[in-house]
file entry-v2.json (JSON, C-alpha atoms)
[["chain", "number", "residue", "atom", "x", "y", "z"],
["A", 1, "MET", "CA", 17.94, 18.43, 13.22],
["A", 2, "ILE", "CA", 18.92, 20.79, 16.02],
["A", 3, "ASP", "CA", 20.95, 23.94, 15.39],
["A", 4, "PRO", "CA", 21.69, 23.55, 11.65],
["A", 5, "PRO", "CA", 25.04, 25.07, 10.55],
["A", 6, "GLU", "CA", 23.27, 27.72, 8.45],
["A", 7, "ASP", "CA", 21.24, 30.01, 10.73],
["A", 8, "SER", "CA", 19.26, 31.76, 7.99],
["A", 9, "GLU", "CA", 16.00, 29.98, 7.12],
["A", 10, "ALA", "CA", 15.80, 31.83, 3.79],
["A", 11, "VAL", "CA", 19.24, 30.58, 2.78],
["A", 12, "ARG", "CA", 18.34, 27.01, 3.74],
["A", 13, "VAL", "CA", 15.20, 27.26, 1.57],
["A", 14, "GLN", "CA", 17.39, 28.38, -1.36],
["A", 15, "ILE", "CA", 19.74, 25.44, -0.77],
["A", 16, "ALA", "CA", 16.75, 23.09, -0.75],
["A", 17, "GLU", "CA", 15.40, 24.56, -4.01],
["A", 18, "ILE", "CA", 18.81, 24.18, -5.69],
["A", 19, "THR", "CA", 18.94, 20.56, -4.49],
["A", 20, "THR", "CA", 15.50, 19.88, -5.96],
["A", 21, "VAL", "CA", 16.55, 21.33, -9.34],
["A", 22, "ILE", "CA", 19.69, 19.15, -9.33],
["A", 23, "MET", "CA", 17.68, 16.02, -8.57],
["A", 24, "ARG", "CA", 15.11, 16.75, -11.28],
["A", 25, "LYS", "CA", 17.46, 17.83, -14.08],
["A", 26, "THR", "CA", 20.52, 15.60, -13.66],
["A", 27, "PHE", "CA", 20.80, 12.15, -15.22],
["A", 28, "PHE", "CA", 21.07, 9.52, -12.52],
["A", 29, "ASP", "CA", 24.24, 8.12, -14.12],
["A", 30, "CYS", "CA", 25.93, 11.42, -13.29],
["A", 31, "MET", "CA", 24.74, 11.28, -9.66],
["A", 32, "ARG", "CA", 25.60, 7.64, -8.97],
["A", 33, "SER", "CA", 29.14, 8.38, -7.70],
["A", 34, "TYR", "CA", 27.79, 10.83, -5.12],
["A", 35, "ILE", "CA", 24.66, 8.96, -4.11],
["A", 36, "ASP", "CA", 25.59, 8.68, -0.41],
["A", 37, "ASN", "CA", 26.08, 12.42, -0.14],
["A", 38, "LEU", "CA", 22.93, 13.24, -2.13],
["A", 39, "VAL", "CA", 20.76, 10.97, 0.03],
["A", 40, "ASN", "CA", 22.20, 12.51, 3.21],
["A", 41, "ILE", "CA", 21.53, 16.03, 1.90],
["A", 42, "CYS", "CA", 17.91, 15.16, 1.10],
["A", 43, "LYS", "CA", 17.44, 13.51, 4.51],
["A", 44, "ALA", "CA", 18.89, 16.59, 6.26],
["A", 45, "LEU", "CA", 16.52, 18.89, 4.36],
["A", 46, "CYS", "CA", 13.53, 16.69, 5.29],
["A", 47, "MET", "CA", 14.49, 16.86, 8.98],
["A", 48, "ASP", "CA", 15.06, 20.63, 9.07],
["A", 49, "PRO", "CA", 13.36, 22.64, 11.87],
["A", 50, "TYR", "CA", 11.78, 25.04, 9.32],
["A", 51, "GLY", "CA", 8.61, 23.90, 7.51],
["A", 52, "GLU", "CA", 9.37, 25.46, 4.10],
["A", 53, "VAL", "CA", 12.73, 23.69, 3.99],
["A", 54, "ILE", "CA", 11.02, 20.37, 4.82],
["A", 55, "ILE", "CA", 8.49, 20.85, 1.99],
["A", 56, "GLU", "CA", 11.27, 21.51, -0.52],
["A", 57, "GLY", "CA", 13.26, 18.61, 0.95],
["A", 58, "THR", "CA", 10.35, 16.20, 0.36],
["A", 59, "ARG", "CA", 10.25, 17.35, -3.28],
["A", 60, "ALA", "CA", 13.98, 16.72, -3.60],
["A", 61, "ILE", "CA", 13.84, 13.26, -2.04],
["A", 62, "ALA", "CA", 10.86, 12.35, -4.26],
["A", 63, "ALA", "CA", 12.74, 13.54, -7.36],
["A", 64, "LEU", "CA", 15.82, 11.53, -6.36],
["A", 65, "SER", "CA", 13.65, 8.45, -5.77],
["A", 66, "ARG", "CA", 12.03, 8.75, -9.20],
["A", 67, "ALA", "CA", 15.44, 9.19, -10.85],
["A", 68, "GLY", "CA", 17.14, 6.30, -9.05],
["A", 69, "GLY", "CA", 14.26, 3.84, -8.83],
["A", 70, "ASP", "CA", 15.19, 0.40, -7.50],
["A", 71, "GLN", "CA", 18.88, 1.32, -7.64],
["A", 72, "LEU", "CA", 18.24, 3.10, -4.32],
["A", 73, "ILE", "CA", 16.80, -0.03, -2.69],
["A", 74, "HIS", "CA", 19.23, 0.07, 0.25],
["A", 75, "PHE", "CA", 18.39, 3.74, 0.91],
["A", 76, "CYS", "CA", 14.62, 3.18, 0.99],
["A", 77, "GLU", "CA", 14.28, 2.74, 4.77],
["A", 78, "PRO", "CA", 16.49, 5.71, 5.83],
["A", 79, "MET", "CA", 14.78, 7.96, 3.25],
["A", 80, "GLY", "CA", 11.35, 6.80, 4.45],
["A", 81, "ARG", "CA", 12.27, 7.49, 8.08],
["A", 82, "ALA", "CA", 13.45, 10.98, 7.11],
["A", 83, "LEU", "CA", 9.85, 11.80, 6.12],
["A", 84, "PHE", "CA", 8.61, 11.14, 9.68],
["A", 85, "THR", "CA", 9.63, 14.67, 10.68],
["A", 86, "ALA", "CA", 7.18, 16.02, 8.11],
["A", 87, "PHE", "CA", 4.43, 13.67, 9.36],
["A", 88, "VAL", "CA", 4.46, 15.19, 12.86],
["A", 89, "HIS", "CA", 4.91, 18.84, 11.84],
["A", 90, "LYS", "CA", 2.37, 21.33, 13.20],
["A", 91, "HIS", "CA", 1.50, 22.72, 9.74],
["A", 92, "ALA", "CA", -0.87, 20.68, 7.56],
["A", 93, "LYS", "CA", 0.88, 21.59, 4.29],
["A", 94, "VAL", "CA", 4.13, 20.08, 5.61],
["A", 95, "ARG", "CA", 2.40, 16.85, 6.66],
["A", 96, "MET", "CA", 0.78, 16.63, 3.22],
["A", 97, "ALA", "CA", 4.13, 17.21, 1.51],
["A", 98, "GLY", "CA", 5.56, 14.24, 3.41],
["A", 99, "LEU", "CA", 2.63, 12.05, 2.34],
["A", 100, "ARG", "CA", 3.02, 13.03, -1.31],
["A", 101, "ALA", "CA", 6.70, 12.03, -1.25],
["A", 102, "LEU", "CA", 6.03, 8.70, 0.50],
["A", 103, "PHE", "CA", 4.90, 6.76, -2.58],
["A", 104, "ASP", "CA", 8.01, 7.68, -4.63],
["A", 105, "VAL", "CA", 10.29, 6.67, -1.74],
["A", 106, "LEU", "CA", 8.47, 3.34, -1.31],
["A", 107, "CYS", "CA", 8.96, 2.55, -5.01],
["A", 108, "THR", "CA", 12.75, 2.47, -4.47],
["A", 109, "GLY", "CA", 12.49, -0.47, -2.05],
["A", 110, "ILE", "CA", 9.89, -2.68, -3.73],
["A", 111, "TRP", "CA", 10.04, -6.45, -3.07],
["A", 112, "LYS", "CA", 12.44, -6.03, -0.15],
["A", 113, "ASN", "CA", 12.94, -2.82, 1.85],
["A", 114, "SER", "CA", 9.63, -0.98, 1.54],
["A", 115, "VAL", "CA", 8.18, -3.33, 4.18],
["A", 116, "PHE", "CA", 10.57, -1.85, 6.77],
["A", 117, "VAL", "CA", 9.15, 1.63, 6.13],
["A", 118, "PHE", "CA", 5.59, 0.39, 6.65],
["A", 119, "GLU", "CA", 6.58, -1.42, 9.84],
["A", 120, "ALA", "CA", 8.14, 1.77, 11.19],
["A", 121, "MET", "CA", 5.07, 3.82, 10.21],
["A", 122, "ILE", "CA", 2.64, 1.58, 12.10],
["A", 123, "GLY", "CA", 4.96, 1.07, 15.09],
["A", 124, "PHE", "CA", 5.28, -2.67, 14.44],
["A", 125, "ARG", "CA", 7.34, -4.84, 16.81],
["A", 126, "ASP", "CA", 8.13, -8.42, 15.88],
["A", 127, "PRO", "CA", 7.05, -10.48, 18.92],
["A", 128, "ASN", "CA", 9.65, -13.15, 18.07],
["A", 129, "LEU", "CA", 12.60, -10.76, 18.27],
["A", 130, "VAL", "CA", 14.21, -9.54, 21.49],
["A", 131, "ALA", "CA", 15.70, -6.08, 21.00],
["A", 132, "ILE", "CA", 18.80, -6.36, 23.20],
["A", 133, "LYS", "CA", 19.61, -2.69, 22.62],
["A", 134, "GLU", "CA", 16.38, -1.62, 24.30],
["A", 135, "PHE", "CA", 17.50, -3.08, 27.63],
["A", 136, "TYR", "CA", 19.82, -0.10, 28.03],
["A", 137, "ASP", "CA", 18.53, 2.30, 25.33],
["A", 138, "PRO", "CA", 14.69, 2.22, 25.34],
["A", 139, "SER", "CA", 12.85, 3.42, 22.25],
["A", 140, "THR", "CA", 9.26, 4.50, 21.54],
["A", 141, "LYS", "CA", 7.22, 3.23, 18.62],
["A", 142, "VAL", "CA", 4.75, 5.66, 17.02],
["A", 143, "ASN", "CA", 1.84, 4.68, 14.75],
["A", 144, "TYR", "CA", 1.92, 7.51, 12.19],
["A", 145, "PHE", "CA", -1.00, 6.03, 10.24],
["A", 146, "ALA", "CA", -3.21, 6.20, 13.35],
["A", 147, "MET", "CA", -2.16, 9.83, 13.82],
["A", 148, "PHE", "CA", -3.27, 10.67, 10.28],
["A", 149, "VAL", "CA", -6.66, 9.00, 10.81],
["A", 150, "VAL", "CA", -7.40, 11.47, 13.63],
["A", 151, "ASP", "CA", -5.57, 14.43, 12.07],
["A", 152, "ARG", "CA", -7.29, 17.75, 12.77],
["A", 153, "SER", "CA", -6.93, 18.87, 9.13],
["A", 154, "ILE", "CA", -9.55, 17.62, 6.66],
["A", 155, "ALA", "CA", -7.17, 18.20, 3.73],
["A", 156, "THR", "CA", -4.45, 16.12, 5.42],
["A", 157, "ARG", "CA", -6.82, 13.22, 6.13],
["A", 158, "LYS", "CA", -8.01, 13.33, 2.53],
["A", 159, "CYS", "CA", -4.39, 13.28, 1.28],
["A", 160, "PHE", "CA", -3.63, 10.37, 3.64],
["A", 161, "TYR", "CA", -6.44, 8.18, 2.31],
["A", 162, "GLN", "CA", -5.52, 9.04, -1.29],
["A", 163, "THR", "CA", -1.92, 8.03, -0.55],
["A", 164, "ILE", "CA", -3.06, 4.71, 0.99],
["A", 165, "ALA", "CA", -5.24, 4.03, -2.07],
["A", 166, "LYS", "CA", -2.39, 4.90, -4.46],
["A", 167, "CYS", "CA", -0.14, 2.40, -2.66],
["A", 168, "LEU", "CA", -2.86, -0.27, -2.90],
["A", 169, "ILE", "CA", -3.38, 0.39, -6.63],
["A", 170, "ASP", "CA", 0.01, 1.33, -8.10],
["A", 171, "LEU", "CA", 2.71, -0.03, -5.79],
["A", 172, "PRO", "CA", 4.27, -3.07, -7.55],
["A", 173, "ASP", "CA", 4.56, -5.08, -4.30],
["A", 174, "LYS", "CA", 1.20, -3.92, -2.92],
["A", 175, "ILE", "CA", 0.12, -7.50, -2.12],
["A", 176, "ASP", "CA", 2.74, -7.59, 0.66],
["A", 177, "HIS", "CA", 1.21, -4.51, 2.30],
["A", 178, "GLU", "CA", -2.54, -4.89, 1.76],
["A", 179, "GLY", "CA", -3.08, -6.45, 5.18],
["A", 180, "ARG", "CA", -1.51, -3.43, 6.89],
["A", 181, "LEU", "CA", -3.13, -0.74, 4.74],
["A", 182, "PHE", "CA", -6.72, -1.92, 4.23],
["A", 183, "PRO", "CA", -7.95, -1.37, 7.82],
["A", 184, "TYR", "CA", -6.89, 2.28, 7.62],
["A", 185, "LEU", "CA", -8.71, 2.77, 4.32],
["A", 186, "ILE", "CA", -11.85, 1.20, 5.79],
["A", 187, "SER", "CA", -11.50, 3.65, 8.70],
["A", 188, "GLY", "CA", -12.11, 6.43, 6.20],
["A", 189, "LEU", "CA", -15.70, 5.18, 5.77],
["A", 190, "PHE", "CA", -16.60, 6.59, 9.19],
["A", 191, "ASP", "CA", -14.58, 9.82, 9.01],
["A", 192, "GLU", "CA", -16.17, 12.97, 10.45],
["A", 193, "ASN", "CA", -16.19, 14.55, 6.98],
["A", 194, "THR", "CA", -18.86, 13.22, 4.59],
["A", 195, "ASP", "CA", -16.80, 13.95, 1.46],
["A", 196, "ILE", "CA", -13.93, 11.85, 2.80],
["A", 197, "CYS", "CA", -16.35, 8.99, 3.60],
["A", 198, "ASN", "CA", -17.71, 9.03, 0.04],
["A", 199, "MET", "CA", -14.20, 9.28, -1.42],
["A", 200, "CYS", "CA", -12.98, 6.26, 0.59],
["A", 201, "TYR", "CA", -15.97, 4.19, -0.51],
["A", 202, "GLU", "CA", -15.23, 5.01, -4.17],
["A", 203, "LEU", "CA", -11.52, 4.24, -3.66],
["A", 204, "ILE", "CA", -12.29, 0.82, -2.14],
["A", 205, "GLU", "CA", -14.64, 0.07, -5.05],
["A", 206, "GLU", "CA", -11.92, 1.08, -7.54],
["A", 207, "ILE", "CA", -9.38, -1.16, -5.78],
["A", 208, "GLY", "CA", -11.93, -4.00, -5.87],
["A", 209, "LEU", "CA", -12.46, -3.46, -9.61],
["A", 210, "ARG", "CA", -8.71, -3.60, -10.23],
["A", 211, "HIS", "CA", -8.56, -6.83, -8.21],
["A", 212, "GLU", "CA", -11.28, -8.37, -10.41],
["A", 213, "GLU", "CA", -9.47, -7.34, -13.60],
["A", 214, "TYR", "CA", -6.14, -9.02, -12.81],
["A", 215, "PRO", "CA", -5.70, -11.93, -15.26],
["A", 216, "GLU", "CA", -5.25, -14.57, -12.54],
["A", 217, "ASN", "CA", -8.30, -13.30, -10.61],
["A", 218, "GLU", "CA", -10.48, -12.78, -13.69],
["A", 219, "VAL", "CA", -10.42, -16.54, -14.41],
["A", 220, "LYS", "CA", -11.29, -17.43, -10.79],
["A", 221, "LEU", "CA", -14.19, -14.97, -10.58],
["A", 222, "ARG", "CA", -15.59, -15.62, -14.06],
["A", 223, "GLU", "CA", -17.86, -18.46, -12.95],
["A", 224, "LEU", "CA", -19.22, -16.49, -10.01],
["A", 225, "LYS", "CA", -20.15, -13.65, -12.35],
["A", 226, "GLN", "CA", -21.43, -15.73, -15.28],
["A", 227, "PHE", "CA", -23.58, -18.10, -13.22],
["A", 228, "GLY", "CA", -24.88, -15.30, -11.01],
["A", 229, "PHE", "CA", -23.92, -17.10, -7.80],
["A", 230, "LYS", "CA", -26.14, -16.12, -4.86],
["A", 231, "SER", "CA", -24.84, -16.36, -1.29],
["A", 232, "GLU", "CA", -26.78, -18.52, 1.15],
["A", 233, "TRP", "CA", -27.73, -15.56, 3.32],
["A", 234, "THR", "CA", -29.60, -13.97, 0.38],
["A", 235, "TYR", "CA", -31.99, -16.97, 0.19],
["A", 236, "ASP", "CA", -31.23, -17.52, -3.52],
["A", 237, "GLY", "CA", -31.42, -13.82, -4.27],
["A", 238, "LEU", "CA", -34.71, -13.10, -2.46],
["A", 239, "ILE", "CA", -32.89, -10.61, -0.21],
["A", 240, "THR", "CA", -31.88, -7.90, -2.69],
["A", 241, "ASP", "CA", -29.85, -4.72, -2.21],
["A", 242, "ASP", "CA", -32.93, -2.59, -1.63],
["A", 243, "LYS", "CA", -33.97, -4.85, 1.29],
["A", 244, "VAL", "CA", -30.67, -4.54, 3.17],
["A", 245, "THR", "CA", -29.91, -1.25, 4.92],
["A", 246, "LEU", "CA", -26.18, -0.58, 4.91],
["A", 247, "PRO", "CA", -24.51, 2.26, 6.85],
["A", 248, "ALA", "CA", -23.55, 5.37, 4.88],
["A", 249, "PRO", "CA", -21.59, 5.94, 2.67],
["A", 250, "ILE", "CA", -22.13, 2.35, 1.39],
["A", 251, "VAL", "CA", -25.05, 2.94, -0.96],
["A", 252, "THR", "CA", -25.27, -0.60, -2.36],
["A", 253, "ARG", "CA", -23.73, -4.01, -1.79],
["A", 254, "PRO", "CA", -19.93, -3.64, -2.26],
["A", 255, "ARG", "CA", -18.58, -5.13, -5.45],
["A", 256, "LEU", "CA", -17.17, -8.67, -5.47],
["A", 257, "GLY", "CA", -13.50, -7.66, -5.65],
["A", 258, "SER", "CA", -13.78, -5.38, -2.60],
["A", 259, "ARG", "CA", -15.50, -8.09, -0.56],
["A", 260, "ILE", "CA", -12.86, -10.68, -1.45],
["A", 261, "LEU", "CA", -10.01, -8.35, -0.53],
["A", 262, "VAL", "CA", -11.43, -7.48, 2.89],
["A", 263, "ARG", "CA", -12.13, -11.18, 3.53],
["A", 264, "SER", "CA", -8.48, -11.94, 2.89],
["A", 265, "TYR", "CA", -7.23, -9.60, 5.59],
["A", 266, "VAL", "CA", -9.97, -9.26, 8.21],
["A", 267, "ARG", "CA", -8.58, -12.18, 10.23],
["A", 268, "ARG", "CA", -5.38, -10.21, 10.83],
["A", 269, "TYR", "CA", -6.99, -7.44, 12.86],
["A", 270, "LEU", "CA", -10.14, -9.00, 14.37],
["A", 271, "LYS", "CA", -8.49, -10.01, 17.66],
["A", 272, "ALA", "CA", -7.01, -6.54, 18.02],
["A", 273, "LEU", "CA", -10.49, -5.06, 17.47],
["A", 274, "TYR", "CA", -11.95, -7.21, 20.25],
["A", 275, "LYS", "CA", -9.33, -5.85, 22.65],
["A", 276, "GLU", "CA", -10.07, -2.28, 21.60],
["A", 277, "LEU", "CA", -13.78, -2.82, 22.30],
["A", 278, "ALA", "CA", -12.84, -3.37, 25.95],
["A", 279, "ASP", "CA", -10.57, -0.30, 26.05],
["A", 280, "TRP", "CA", -11.22, 2.32, 28.74],
["A", 281, "ILE", "CA", -10.80, 5.17, 26.23],
["A", 282, "GLU", "CA", -14.23, 5.89, 24.70],
["A", 283, "ILE", "CA", -12.98, 7.20, 21.35],
["A", 284, "SER", "CA", -10.94, 4.00, 20.86],
["A", 285, "GLN", "CA", -14.01, 1.90, 21.58],
["A", 286, "GLU", "CA", -16.11, 3.86, 19.10],
["A", 287, "ARG", "CA", -13.55, 3.60, 16.31],
["A", 288, "ALA", "CA", -13.08, -0.13, 16.93],
["A", 289, "VAL", "CA", -16.79, -0.89, 16.86],
["A", 290, "LYS", "CA", -17.29, 1.15, 13.67],
["A", 291, "LEU", "CA", -14.38, -0.61, 11.98],
["A", 292, "LEU", "CA", -15.91, -3.94, 13.03],
["A", 293, "MET", "CA", -19.32, -2.95, 11.64],
["A", 294, "TYR", "CA", -17.97, -1.82, 8.25],
["A", 295, "SER", "CA", -15.73, -4.91, 8.04],
["A", 296, "ILE", "CA", -18.81, -7.13, 8.49],
["A", 297, "CYS", "CA", -20.54, -5.21, 5.67],
["A", 298, "TYR", "CA", -17.74, -6.32, 3.33],
["A", 299, "VAL", "CA", -17.04, -9.78, 4.76],
["A", 300, "GLU", "CA", -20.73, -10.88, 4.94],
["A", 301, "GLU", "CA", -21.29, -14.65, 5.49],
["A", 302, "PHE", "CA", -17.52, -15.26, 5.68],
["A", 303, "MET", "CA", -17.77, -13.87, 9.24],
["A", 304, "THR", "CA", -19.54, -17.02, 10.49],
["A", 305, "GLN", "CA", -16.20, -18.78, 11.10],
["A", 306, "TYR", "CA", -15.35, -16.12, 13.69],
["A", 307, "MET", "CA", -18.74, -16.18, 15.43],
["A", 308, "ASP", "CA", -17.52, -17.64, 18.74],
["A", 309, "HIS", "CA", -15.27, -14.67, 19.59],
["A", 310, "LEU", "CA", -17.34, -12.15, 17.62],
["A", 311, "LEU", "CA", -20.54, -12.77, 19.58],
["A", 312, "VAL", "CA", -18.72, -12.52, 22.92],
["A", 313, "ALA", "CA", -17.25, -9.17, 21.86],
["A", 314, "ILE", "CA", -20.68, -7.94, 20.69],
["A", 315, "TYR", "CA", -22.35, -9.03, 23.96],
["A", 316, "LYS", "CA", -19.77, -7.11, 25.97],
["A", 317, "ALA", "CA", -20.27, -4.05, 23.77],
["A", 318, "ILE", "CA", -24.05, -4.20, 24.19],
["A", 319, "GLN", "CA", -23.65, -4.38, 27.98],
["A", 320, "ASN", "CA", -21.59, -1.16, 27.87],
["A", 321, "LYS", "CA", -24.04, 1.16, 29.60],
["A", 322, "GLU", "CA", -21.65, 4.11, 29.74],
["A", 323, "ASN", "CA", -21.18, 4.57, 25.98],
["A", 324, "LYS", "CA", -24.46, 4.33, 24.08],
["A", 325, "ILE", "CA", -22.71, 4.72, 20.70],
["A", 326, "VAL", "CA", -20.76, 1.50, 21.30]]
call {"tool": "encode", "arguments": {"input": "entry-v2.json", "output": "structure tokens"}}
result
Amino acid sequence: MIDPPEDSEAVRVQIAEITTVIMRKTFFDCMRSYIDNLVNICKALCMDPYGEVIIEGTRAIAALSRAGGDQLIHFCEPMGRALFTAFVHKHAKVRMAGLRALFDVLCTGIWKNSVFVFEAMIGFRDPNLVAIKEFYDPSTKVNYFAMFVVDRSIATRKCFYQTIAKCLIDLPDKIDHEGRLFPYLISGLFDENTDICNMCYELIEEIGLRHEEYPENEVKLRELKQFGFKSEWTYDGLITDDKVTLPAPIVTRPRLGSRILVRSYVRRYLKALYKELADWIEISQERAVKLLMYSICYVEEFMTQYMDHLLVAIYKAIQNKENKIV
């Protein structure tokens, strides 16, 4: 928002606090008649120029989302887009406030509209659609998830990975979004901060455990566990965990559920990784090659079906004499 009607920042903070109280204390049945106005007020607060107003606005929009639930399904995308102002704010506490409100907003659009919020957050463009409007009104797509991965604040990056994990564990329609979210969570394994690396490893293991415990998956995986199935590459179990050196923070072979999940989605981003390996920006090359390495740690022998393109990409990376890390 530019030039809000109320000039005083202190007054706008008070308005935001009153709005939050209304959202938290009022029965949703009493708010239903005014839902358009209430959503617009919350969106305006989240897009305010002043950081403290944005923080209070994110609390208000989260409270409204929890109160309305799936009755706000058609407001999910505009409410999610309203949080983007918080995501790019210069103060870390404002960016974290936006992340904390994201899960509650996504819960209002489960099974239908939450996917539009994720597509907007990763700057997704459907290659099969021609945006006629952009011929005369060009637009820019921003990958907010990628911005959080390289955020300068350790606390913000930690909050980002926790939010991603919460979506993968608790969001009812999480299966629709796992392919988009998992690569970013794996990226946390090679974060600059060791605590974040260890936290992401534990989060992936927890998500894998939940995957194993689902009733439909528990039946499928029961035989693998009971018969102690050994993969071919282990030579019938002769190659044990202590004989394989895995990159930190992976201290032991990832659990079965984690490996199966990464296998399911690695094919979606492998080709993009190969392109990034040939990028002229060094930091992009390094992140791509690390993501590839950690993905292989989880995918294991399943990677053999991609060997033709994988080996070519690895050969090109090895021939990179300018960047020794790659």
call {"tool": "closest_residue", "arguments": {"input": "entry-v2.json", "among": "A:Arg263, A:Arg66, A:Lys141, A:Arg59", "to": "Gly179 (chain A)", "atoms": "all atoms listed in the file"}}
result
A:Arg263
call {"tool": "atom_distance", "arguments": {"input": "entry-v2.json", "atom1": "CA of Arg24 (chain A)", "atom2": "CA of Cys159 (chain A)"}}
result
23.5 Å
call {"tool": "closest_residue", "arguments": {"input": "entry-v2.json", "among": "A:Ala63, A:Ala317, A:Met147, A:Ile325", "to": "Leu273 (chain A)", "atoms": "only C-alpha atoms"}}
result
A:Ala317
call {"tool": "atom_distance", "arguments": {"input": "entry-v2.json", "atom1": "CA of Val53 (chain A)", "atom2": "CA of Leu102 (chain A)"}}
result
16.8 Å
call {"tool": "residues_around", "arguments": {"input": "entry-v2.json", "residues": "Trp111 (chain A)", "least_positions_apart": "3", "cutoff": "9 Å", "atoms": "only C-alpha atoms", "output": "ChimeraX atom specification"}}
result
/A:114-115,172-173,176
call {"tool": "closest_residue", "arguments": {"input": "entry-v2.json", "among": "A:Val266, A:Ile250, A:Val21, A:Val219", "to": "Met303 (chain A)", "atoms": "only C-alpha atoms"}}
result
A:Val266
call {"tool": "residues_around", "arguments": {"input": "entry-v2.json", "residues": "Lys271 (chain A)", "least_positions_apart": "4", "cutoff": "12 Å", "atoms": "only C-alpha atoms", "output": "list in words"}}
result
Val266, Arg267, Lys275, Glu276, Leu277, Ala278, Ala288, Leu292, Tyr306, Asp308, His309, Leu310, Val312 and Ala313 of chain A
call {"tool": "atom_distance", "arguments": {"input": "entry-v2.json", "atom1": "CA of Leu291 (chain A)", "atom2": "CA of Phe84 (chain A)"}}
result
25.9 Å
call {"tool": "residues_near_point", "arguments": {"input": "entry-v2.json", "point": "(-10.5, 5.1, 11.7)", "cutoff": "9 Å", "atoms": "only C-alpha atoms", "output": "number ranges by chain"}}
result
A: 146, 149-150, 183-191, 287-288, 290-291
call {"tool": "closest_residue", "arguments": {"input": "entry-v2.json", "among": "A:Gly57, A:Gly109, A:Pro4, A:Gly68", "to": "Lys43 (chain A)", "atoms": "all atoms listed in the file"}}
result
A:Gly57
call {"tool": "residues_around", "arguments": {"input": "entry-v2.json", "residues": "Gln162 (chain A)", "least_positions_apart": "5", "cutoff": "10 Å", "atoms": "all atoms listed in the file", "output": "VMD selection string"}}
result
chain A and resid 99 to 100 156 to 157 167 to 168 185 196 199 to 200 203
call {"tool": "closest_residue", "arguments": {"input": "entry-v2.json", "among": "A:Phe87, A:Phe27, A:Trp280, A:Phe75", "to": "Met121 (chain A)", "atoms": "only C-alpha atoms"}}
result
A:Phe87
call {"tool": "closest_residue", "arguments": {"input": "entry-v2.json", "among": "A:Glu178, A:Glu206, A:Glu216, A:Glu119", "to": "Asn143 (chain A)", "atoms": "all atoms listed in the file"}}
result
A:Glu119
call {"tool": "build_atoms", "arguments": {"input": "entry-v2.json", "residues": "region 66-79 of chain A", "atoms": "N, CA and C atoms", "output": "CSV table (one decimal), in the frame of the given file"}}
result
chain,number,residue,atom,x,y,z
A,66,ARG,N,12.5,9.0,-7.8
A,66,ARG,CA,12.0,8.8,-9.2
A,66,ARG,C,13.2,8.5,-10.2
A,67,ALA,N,14.3,9.3,-10.0
A,67,ALA,CA,15.4,9.2,-10.8
A,67,ALA,C,16.2,7.9,-10.6
A,68,GLY,N,16.3,7.5,-9.4
A,68,GLY,CA,17.1,6.3,-9.0
A,68,GLY,C,16.4,5.0,-9.1
A,69,GLY,N,15.1,5.1,-8.8
A,69,GLY,CA,14.3,3.8,-8.8
A,69,GLY,C,14.8,2.8,-7.9
A,70,ASP,N,14.8,1.5,-8.4
A,70,ASP,CA,15.2,0.4,-7.5
A,70,ASP,C,16.7,0.3,-7.3
A,71,GLN,N,17.4,1.2,-7.9
A,71,GLN,CA,18.9,1.3,-7.6
A,71,GLN,C,19.1,1.9,-6.2
A,72,LEU,N,18.1,2.5,-5.7
A,72,LEU,CA,18.2,3.1,-4.3
A,72,LEU,C,17.6,2.2,-3.3
A,73,ILE,N,17.5,0.9,-3.6
A,73,ILE,CA,16.8,0.0,-2.7
A,73,ILE,C,17.3,0.0,-1.3
A,74,HIS,N,18.7,0.1,-1.1
A,74,HIS,CA,19.2,0.1,0.2
A,74,HIS,C,19.1,1.4,1.0
A,75,PHE,N,18.6,2.4,0.3
A,75,PHE,CA,18.4,3.7,0.9
A,75,PHE,C,16.9,4.0,1.2
A,76,CYS,N,16.1,3.0,0.9
A,76,CYS,CA,14.6,3.2,1.0
A,76,CYS,C,14.2,3.4,2.4
A,77,GLU,N,14.7,2.6,3.4
A,77,GLU,CA,14.3,2.7,4.8
A,77,GLU,C,14.8,4.1,5.4
A,78,PRO,N,16.1,4.4,5.3
A,78,PRO,CA,16.5,5.7,5.8
A,78,PRO,C,15.8,6.9,5.2
A,79,MET,N,15.5,6.8,3.9
A,79,MET,CA,14.8,8.0,3.2
A,79,MET,C,13.3,8.0,3.7
